[in-house]
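Participant: So here's final.txt, just compact mmCIF, C-alpha atoms (C1' of nucleotides):
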```
# COMPACT_ATOMS: atom_id res chain seq x y z
CA MET V 99 0.00 0.00 0.00
CA ALA V 100 1.20 3.49 -0.75
CA ARG V 101 1.37 6.12 1.94
CA ALA V 102 -1.41 8.68 2.51
CA ALA V 103 -1.42 11.22 -0.31
CA THR V 104 0.47 14.49 0.01
CA ILE V 105 -2.77 16.36 -0.53
CA THR V 106 -4.57 14.67 2.37
CA ASP V 107 -1.86 14.10 4.98
CA VAL V 108 -0.19 17.22 6.30
CA PHE V 109 2.75 15.13 7.52
CA ASN V 110 3.34 13.95 4.00
CA ALA V 111 2.78 17.39 2.49
CA VAL V 112 5.49 18.77 4.72
CA ALA V 113 7.85 15.87 4.11
CA GLU V 114 8.99 17.55 0.90
CA PRO V 115 11.85 19.94 1.76
CA ARG V 116 10.96 22.55 -0.83
CA ARG V 117 7.50 22.80 0.61
CA ARG V 118 9.02 23.43 4.02
CA GLU V 119 11.10 26.17 2.43
CA ILE V 120 8.00 27.76 0.99
CA ILE V 121 6.33 27.58 4.38
CA GLY V 122 9.42 29.23 5.84
CA LEU V 123 9.06 32.12 3.42
CA LEU V 124 5.38 32.59 4.12
CA SER V 125 5.98 32.46 7.86
CA ASP V 126 6.73 36.19 7.77
CA GLY V 127 2.95 36.50 7.86
CA ARG V 128 2.72 38.45 4.63
CA GLU V 129 0.98 37.59 1.40
CA TRP V 130 3.13 36.03 -1.25
CA THR V 131 2.63 35.87 -4.95
CA VAL V 132 3.62 32.76 -6.89
CA ASN V 133 6.31 34.76 -8.60
CA ASP V 134 7.57 36.13 -5.29
CA VAL V 135 8.27 32.56 -4.29
CA VAL V 136 9.75 31.69 -7.68
CA ALA V 137 12.11 34.64 -7.35
CA ARG V 138 13.31 33.41 -3.96
CA LEU V 139 13.68 29.69 -4.60
CA ARG V 140 15.45 28.08 -7.52
CA LEU V 141 12.31 26.45 -8.84
CA GLY V 142 10.26 26.92 -11.98
CA GLN V 143 6.89 28.65 -11.86
CA PRO V 144 4.85 25.51 -12.55
CA THR V 145 6.74 23.67 -9.80
CA VAL V 146 5.98 26.41 -7.29
CA SER V 147 2.34 26.52 -8.37
CA LYS V 148 2.10 22.80 -7.78
CA HIS V 149 3.73 22.95 -4.37
CA LEU V 150 1.43 25.77 -3.33
CA GLY V 151 -1.46 23.72 -4.64
CA VAL V 152 -0.51 20.82 -2.38
CA LEU V 153 -0.15 23.12 0.62
CA ARG V 154 -3.50 24.67 -0.17
CA LYS V 155 -5.20 21.29 -0.35
CA VAL V 156 -4.00 20.35 3.12
CA GLY V 157 -4.98 23.80 4.31
CA VAL V 158 -1.52 25.03 5.20
CA VAL V 159 -1.89 28.03 2.93
CA ILE V 160 -4.90 29.96 1.77
CA VAL V 161 -5.15 31.91 -1.42
CA VAL V 162 -7.10 34.96 -2.46
CA ARG V 163 -7.26 36.32 -5.99
CA ARG V 164 -6.33 39.91 -6.35
CA GLY V 165 -6.66 40.82 -10.01
CA GLN V 166 -4.06 39.01 -12.00
CA HIS V 167 -2.37 37.76 -8.87
CA ARG V 168 -3.06 35.05 -6.35
CA MET V 169 -1.98 36.02 -2.90
CA TYR V 170 -0.88 33.09 -0.78
CA ARG V 171 -0.86 33.33 2.98
CA LEU V 172 0.27 30.85 5.59
CA GLU V 173 -2.52 29.20 7.57
CA ALA V 174 -0.22 27.87 10.24
CA ALA V 175 -2.99 26.50 12.43
CA ASN V 176 -3.12 23.53 10.13
CA LEU V 177 0.43 22.66 11.08
CA LYS V 178 -0.71 22.21 14.66
CA PRO V 179 -1.34 18.45 14.31
CA ILE V 180 2.35 18.03 13.62
CA HIS V 181 3.27 20.09 16.65
CA ASP V 182 0.79 18.19 18.80
CA TRP V 183 2.14 14.87 17.65
CA ALA V 184 5.75 15.84 18.23
CA SER V 185 4.86 17.32 21.62
CA THR V 186 3.85 13.91 22.90
CA PHE V 187 7.55 13.03 22.87
CA GLU V 188 8.72 16.19 24.60
CA ARG V 189 9.16 14.39 27.89
CA PHE V 190 11.90 12.27 26.34
CA TRP V 191 14.28 15.12 25.66
CA ASN V 192 13.19 17.10 28.72
CA GLN V 193 14.07 14.03 30.72
CA LYS V 194 17.55 14.10 29.19
CA ILE V 195 17.90 17.75 30.09
CA ASP V 196 16.85 16.88 33.63
CA HIS V 197 19.61 14.29 33.79
CA ILE V 198 22.13 16.87 32.67
CA LYS V 199 20.89 19.28 35.31
CA GLU V 200 21.03 16.57 37.94
CA ARG V 201 24.59 15.73 37.05
CA ALA V 202 25.58 19.38 37.11
CA GLU V 203 24.09 19.74 40.60
CA GLN V 204 25.82 16.56 41.69
CA LYS V 205 29.16 17.99 40.59
CA ALA V 206 28.51 21.27 42.33
CA MET V 207 27.75 19.39 45.55
CA GLU V 208 30.95 17.40 45.23
CA ARG V 209 32.98 20.56 44.77
CA ILE V 210 31.42 22.12 47.84
CA ALA V 211 32.09 18.97 49.86
CA LYS V 212 35.74 19.04 48.75
CA GLU V 213 36.14 22.66 49.75
CA ASN V 214 34.59 21.91 53.11
CA LEU V 215 37.22 19.24 53.63
CA LYS V 216 39.97 21.75 52.91
CA LEU V 217 38.55 24.09 55.49
CA LYS V 218 38.66 21.48 58.22
CA MET U 119 13.98 16.08 -8.38
CA ALA U 120 12.72 13.56 -5.90
CA ARG U 121 12.30 14.45 -2.25
CA ALA U 122 14.96 13.67 0.37
CA ALA U 123 15.07 9.94 1.05
CA THR U 124 13.05 8.42 3.88
CA ILE U 125 16.26 7.09 5.38
CA THR U 126 17.94 10.50 5.57
CA ASP U 127 15.10 12.92 6.32
CA VAL U 128 13.25 12.33 9.54
CA PHE U 129 10.30 14.38 8.23
CA ASN U 130 9.98 11.99 5.36
CA ALA U 131 10.53 8.92 7.51
CA VAL U 132 7.63 9.99 9.70
CA ALA U 133 5.40 10.91 6.76
CA GLU U 134 4.40 7.27 6.45
CA PRO U 135 1.43 6.64 8.75
CA ARG U 136 2.38 3.10 9.66
CA ARG U 137 5.75 4.31 10.85
CA ARG U 138 4.00 6.81 13.08
CA GLU U 139 1.93 3.95 14.43
CA ILE U 140 5.06 1.99 15.22
CA ILE U 141 6.54 5.02 16.95
CA GLY U 142 3.31 5.28 18.92
CA LEU U 143 3.71 1.71 20.13
CA LEU U 144 7.34 2.18 21.12
CA SER U 145 6.51 5.39 22.94
CA ASP U 146 5.65 3.33 26.01
CA GLY U 147 9.41 3.36 26.54
CA ARG U 148 9.77 -0.38 26.51
CA GLU U 149 11.72 -2.62 24.19
CA TRP U 150 9.78 -4.12 21.35
CA THR U 151 10.51 -7.15 19.29
CA VAL U 152 9.74 -7.19 15.58
CA ASN U 153 7.10 -9.78 16.21
CA ASP U 154 5.59 -7.75 19.06
CA VAL U 155 4.96 -5.03 16.50
CA VAL U 156 3.70 -7.51 13.89
CA ALA U 157 1.24 -8.86 16.45
CA ARG U 158 -0.12 -5.38 17.11
CA LEU U 159 -0.35 -3.99 13.59
CA ARG U 160 -1.87 -5.67 10.58
CA LEU U 161 1.41 -5.80 8.69
CA GLY U 162 3.61 -8.65 7.55
CA GLN U 163 6.89 -9.34 9.29
CA PRO U 164 9.07 -8.17 6.38
CA THR U 165 7.09 -4.96 6.16
CA VAL U 166 7.61 -4.25 9.84
CA SER U 167 11.30 -5.10 9.59
CA LYS U 168 11.64 -2.63 6.75
CA HIS U 169 9.79 0.14 8.56
CA LEU U 170 11.92 -0.40 11.64
CA GLY U 171 14.96 -0.33 9.39
CA VAL U 172 13.98 3.09 8.05
CA LEU U 173 13.35 4.40 11.57
CA ARG U 174 16.70 3.02 12.66
CA LYS U 175 18.52 4.71 9.81
CA VAL U 176 17.14 8.12 10.75
CA GLY U 177 17.95 7.35 14.37
CA VAL U 178 14.40 7.33 15.67
CA VAL U 179 14.79 3.82 17.04
CA ILE U 180 17.80 1.93 18.26
CA VAL U 181 18.18 -1.81 18.25
CA VAL U 182 20.08 -4.24 20.40
CA ARG U 183 20.39 -7.93 19.71
CA ARG U 184 19.37 -10.20 22.51
CA GLY U 185 19.89 -13.77 21.36
CA GLN U 186 17.48 -14.56 18.61
CA HIS U 187 15.64 -11.30 19.11
CA ARG U 188 16.27 -7.72 18.18
CA MET U 189 14.98 -5.35 20.74
CA TYR U 190 13.84 -2.02 19.33
CA ARG U 191 13.60 1.03 21.51
CA LEU U 192 12.40 4.53 20.71
CA GLU U 193 15.12 7.18 20.53
CA ALA U 194 12.70 10.06 20.65
CA ALA U 195 15.38 12.75 20.82
CA ASN U 196 15.74 12.36 17.10
CA LEU U 197 12.16 13.51 16.65
CA LYS U 198 13.09 16.82 18.22
CA PRO U 199 13.89 18.53 14.88
CA ILE U 200 10.24 18.04 13.94
CA HIS U 201 9.08 19.48 17.21
CA ASP U 202 11.48 22.40 16.90
CA TRP U 203 10.33 23.14 13.38
CA ALA U 204 6.66 22.99 14.31
CA SER U 205 7.29 25.11 17.38
CA THR U 206 8.35 28.03 15.23
CA PHE U 207 4.67 28.34 14.25
CA GLU U 208 3.29 28.10 17.76
CA ARG U 209 2.72 31.84 17.94
CA PHE U 210 0.14 31.52 15.16
CA TRP U 211 -2.29 29.36 17.06
CA ASN U 212 -1.46 30.94 20.43
CA GLN U 213 -2.38 34.23 18.86
CA LYS U 214 -5.73 32.74 17.85
CA ILE U 215 -6.29 31.51 21.38
CA ASP U 216 -5.47 35.02 22.62
CA HIS U 217 -8.16 36.40 20.33
CA ILE U 218 -10.67 33.94 21.71
CA LYS U 219 -9.72 34.90 25.26
CA GLU U 220 -9.99 38.57 24.42
CA ARG U 221 -13.42 38.12 22.96
CA ALA U 222 -14.52 36.10 25.99
CA GLU U 223 -13.31 38.88 28.28
CA GLN U 224 -15.04 41.44 26.11
CA LYS U 225 -18.32 39.57 26.47
CA ALA U 226 -17.90 39.24 30.21
CA MET U 227 -17.34 42.99 30.44
CA GLU U 228 -20.45 43.64 28.42
CA ARG U 229 -22.51 41.41 30.65
CA ILE U 230 -21.27 43.16 33.76
CA ALA U 231 -22.01 46.55 32.22
CA LYS U 232 -25.56 45.40 31.40
CA GLU U 233 -26.13 44.18 34.94
CA ASN U 234 -24.86 47.47 36.27
CA LEU U 235 -27.45 49.22 34.18
CA LYS U 236 -30.23 47.07 35.68
CA LEU U 237 -29.08 47.97 39.14
CA LYS U 238 -29.35 51.68 38.48
C1' DG T 70 23.09 -32.13 13.42
C1' DA T 71 17.90 -31.57 12.45
C1' DC T 72 14.39 -28.62 13.14
C1' DA T 73 12.05 -24.39 14.87
C1' DT T 74 11.89 -19.55 15.56
C1' DA T 75 13.12 -14.58 14.74
C1' DT T 76 14.51 -11.41 11.67
C1' DA T 77 16.57 -9.41 7.49
C1' DT T 78 17.09 -9.27 2.61
C1' DT T 79 16.12 -9.81 -2.22
C1' DC T 80 13.13 -9.58 -6.00
C1' DC T 81 9.06 -7.98 -7.94
C1' DT T 82 5.13 -4.84 -8.92
C1' DA T 83 2.01 -1.06 -8.37
C1' DT T 84 1.72 3.54 -7.26
C1' DA T 85 2.86 8.27 -6.04
C1' DT T 86 5.13 12.17 -7.10
C1' DA T 87 8.70 15.90 -8.38
C1' DG T 88 9.87 18.57 -12.01
C1' DG T 89 10.37 20.10 -16.90
C1' DA T 90 8.13 21.53 -21.27
C1' DA T 91 4.35 23.02 -23.47
C1' DT T 92 0.04 24.92 -23.26
C1' DA T 93 -4.23 26.85 -21.36
C1' DT T 94 -6.60 30.50 -18.82
C1' DA T 95 -7.22 34.85 -16.83
C1' DT T 96 -6.42 39.50 -16.22
C1' DC T 97 -4.29 43.90 -17.28
C1' DT T 98 -2.77 47.70 -20.53
C1' DG T 99 -2.59 50.19 -24.47
C1' DC Q 41 -8.85 43.74 -29.72
C1' DA Q 42 -3.60 42.80 -29.47
C1' DG Q 43 -0.03 41.99 -26.63
C1' DA Q 44 1.89 41.23 -21.97
C1' DT Q 45 1.89 39.26 -17.53
C1' DA Q 46 0.54 35.88 -13.82
C1' DT Q 47 -0.78 31.54 -12.83
C1' DA Q 48 -2.63 26.87 -13.46
C1' DT Q 49 -2.87 22.62 -15.92
C1' DT Q 50 -1.60 18.82 -18.84
C1' DC Q 51 1.59 15.58 -20.45
C1' DC Q 52 5.71 13.23 -19.86
C1' DT Q 53 9.60 10.87 -17.49
C1' DA Q 54 12.55 9.43 -13.82
C1' DT Q 55 12.63 7.98 -9.31
C1' DA Q 56 11.25 6.48 -4.72
C1' DT Q 57 8.92 3.46 -2.10
C1' DA Q 58 5.33 0.27 0.19
C1' DG Q 59 4.28 -4.24 0.46
C1' DG Q 60 4.02 -9.24 -0.83
C1' DA Q 61 6.47 -13.63 -1.77
C1' DA Q 62 10.34 -16.14 -1.44
C1' DT Q 63 14.58 -16.79 0.54
C1' DA Q 64 18.65 -16.05 3.46
C1' DT Q 65 20.74 -15.77 8.03
C1' DA Q 66 21.11 -16.35 12.73
C1' DT Q 67 20.11 -18.37 16.96
C1' DG Q 68 17.75 -21.50 19.96
C1' DT Q 69 16.26 -26.46 21.24
C1' DC Q 70 16.15 -31.34 21.16
```
Now, as a test, write the supplied structure out as structure tokens.
Facilitator:
Amino acid sequence: MARAATITDVFNAVAEPRRREIIGLLSDGREWTVNDVVARLRLGQPTVSKHLGVLRKVGVVIVVRRGQHRMYRLEAANLKPIHDWASTFERFWNQKIDHIKERAEQKAMERIAKENLKLK
Amino acid sequence: MARAATITDVFNAVAEPRRREIIGLLSDGREWTVNDVVARLRLGQPTVSKHLGVLRKVGVVIVVRRGQHRMYRLEAANLKPIHDWASTFERFWNQKIDHIKERAEQKAMERIAKENLKLK
DNA sequence: GACATATATTCCTATATAGGAATATATCTG
DNA sequence: CAGATATATTCCTATATAGGAATATATGTC
């Protein structure tokens, strides 16, 4: 079986690095034209149109027509499922940080103990 | 150009729903055998072996051999890049929540004002 | 050593998809 | 209306990859 389609699974949509780049551009909160994006990335216009189309279909960008132009804007809320999923693992690296803290405190205690010995 | 390979890009590795399922299983922190996973998911043994192989290559799981078995364990720290990336968009939905809060407060104020009027 | 069990690997096929080229479709400007 | 500009779409090709079947490779047990 193939994986869930890029246009239905936001995880898959975002698995393509150039789409993450586009999202990075749009994350300035402003409206971007297809050609604005083309000018920034080294991609052809049809390629950019297609990537934006995928992002639109998963809801990560929205588009409004303004005359000849289509203004694309980031709809970051639809990236939240990814954040939520990844957050469920937060405890794993926080735990590691805790261990580092613990060890640092341990060392500090040892140093203090040593200095106390000297004083005696 | 094709996208970055599943075995080099953790975003792409995790774009496959069955791999996310496997990660979900291993997130109990325990060691899982290939057959443990096969028993839980409706996937053949070779399929599971291959998925675990992909996750191993991006570092999301680690494996130790114990006799006949290979024990797979989640190495969640290597999911952190995904969390970090998604976190850069947190402000977008927090902002929305702020708006909701604001509006709720607004309504509360209005209600209080109305009640004050009645009292007069 | 013969067999059983656990897992990986190889081979195959179907499918998705990224991107280029060409073209279609609007919209704007004179 | 005749360009010009902006964007989408269609067609094509190369490539990745998911999964099944068969097989290989260990390791355990009698």
Participant: Using only C-alpha atoms (C1' of nucleotides), select each residue of chain Q with any atom at most 8 Å away from an atom of chain V, and give the selection as a PyMOL selection string.
Facilitator: chain Q and resi 46-48+57-59
Participant: Counting all atoms listed in the file, collect the residues of chain T whose closest atom lies at most 9 Å from chain U, and write them out as a list in words.
Facilitator: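 Putting it all together, I get DT74, DA75, DT76, DA77, DT78, DT86, DA87 and DG88 of chain T.
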Participant: When you get a sec, could you note down which chain V residues fall within 8 Å of chain U, using all atoms listed in the file, as a PyMOL selection string?
Facilitator: chain V and resi 101-102+109-110+112-115+125+174-175+177-178+180-181+184-185+187-188+190-191
Participant: Grab the atom CA of V:Arg164 to atom C1' of T:DT94 distance for me, in Å with one decimal place.
Facilitator: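 Result for atom CA of V:Arg164 versus atom C1' of T:DT94: 15.6 Å, one decimal.
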Participant: In Å, rounded to a single decimal, give me how far atom CA of U:Glu139 is from atom CA of U:His169.
Facilitator: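 So the answer is 10.5 Å.
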Participant: To one decimal place in Å, what is the distance between atom CA of V:Trp130 and atom C1' of T:DC97?
Facilitator: 19.3 Å
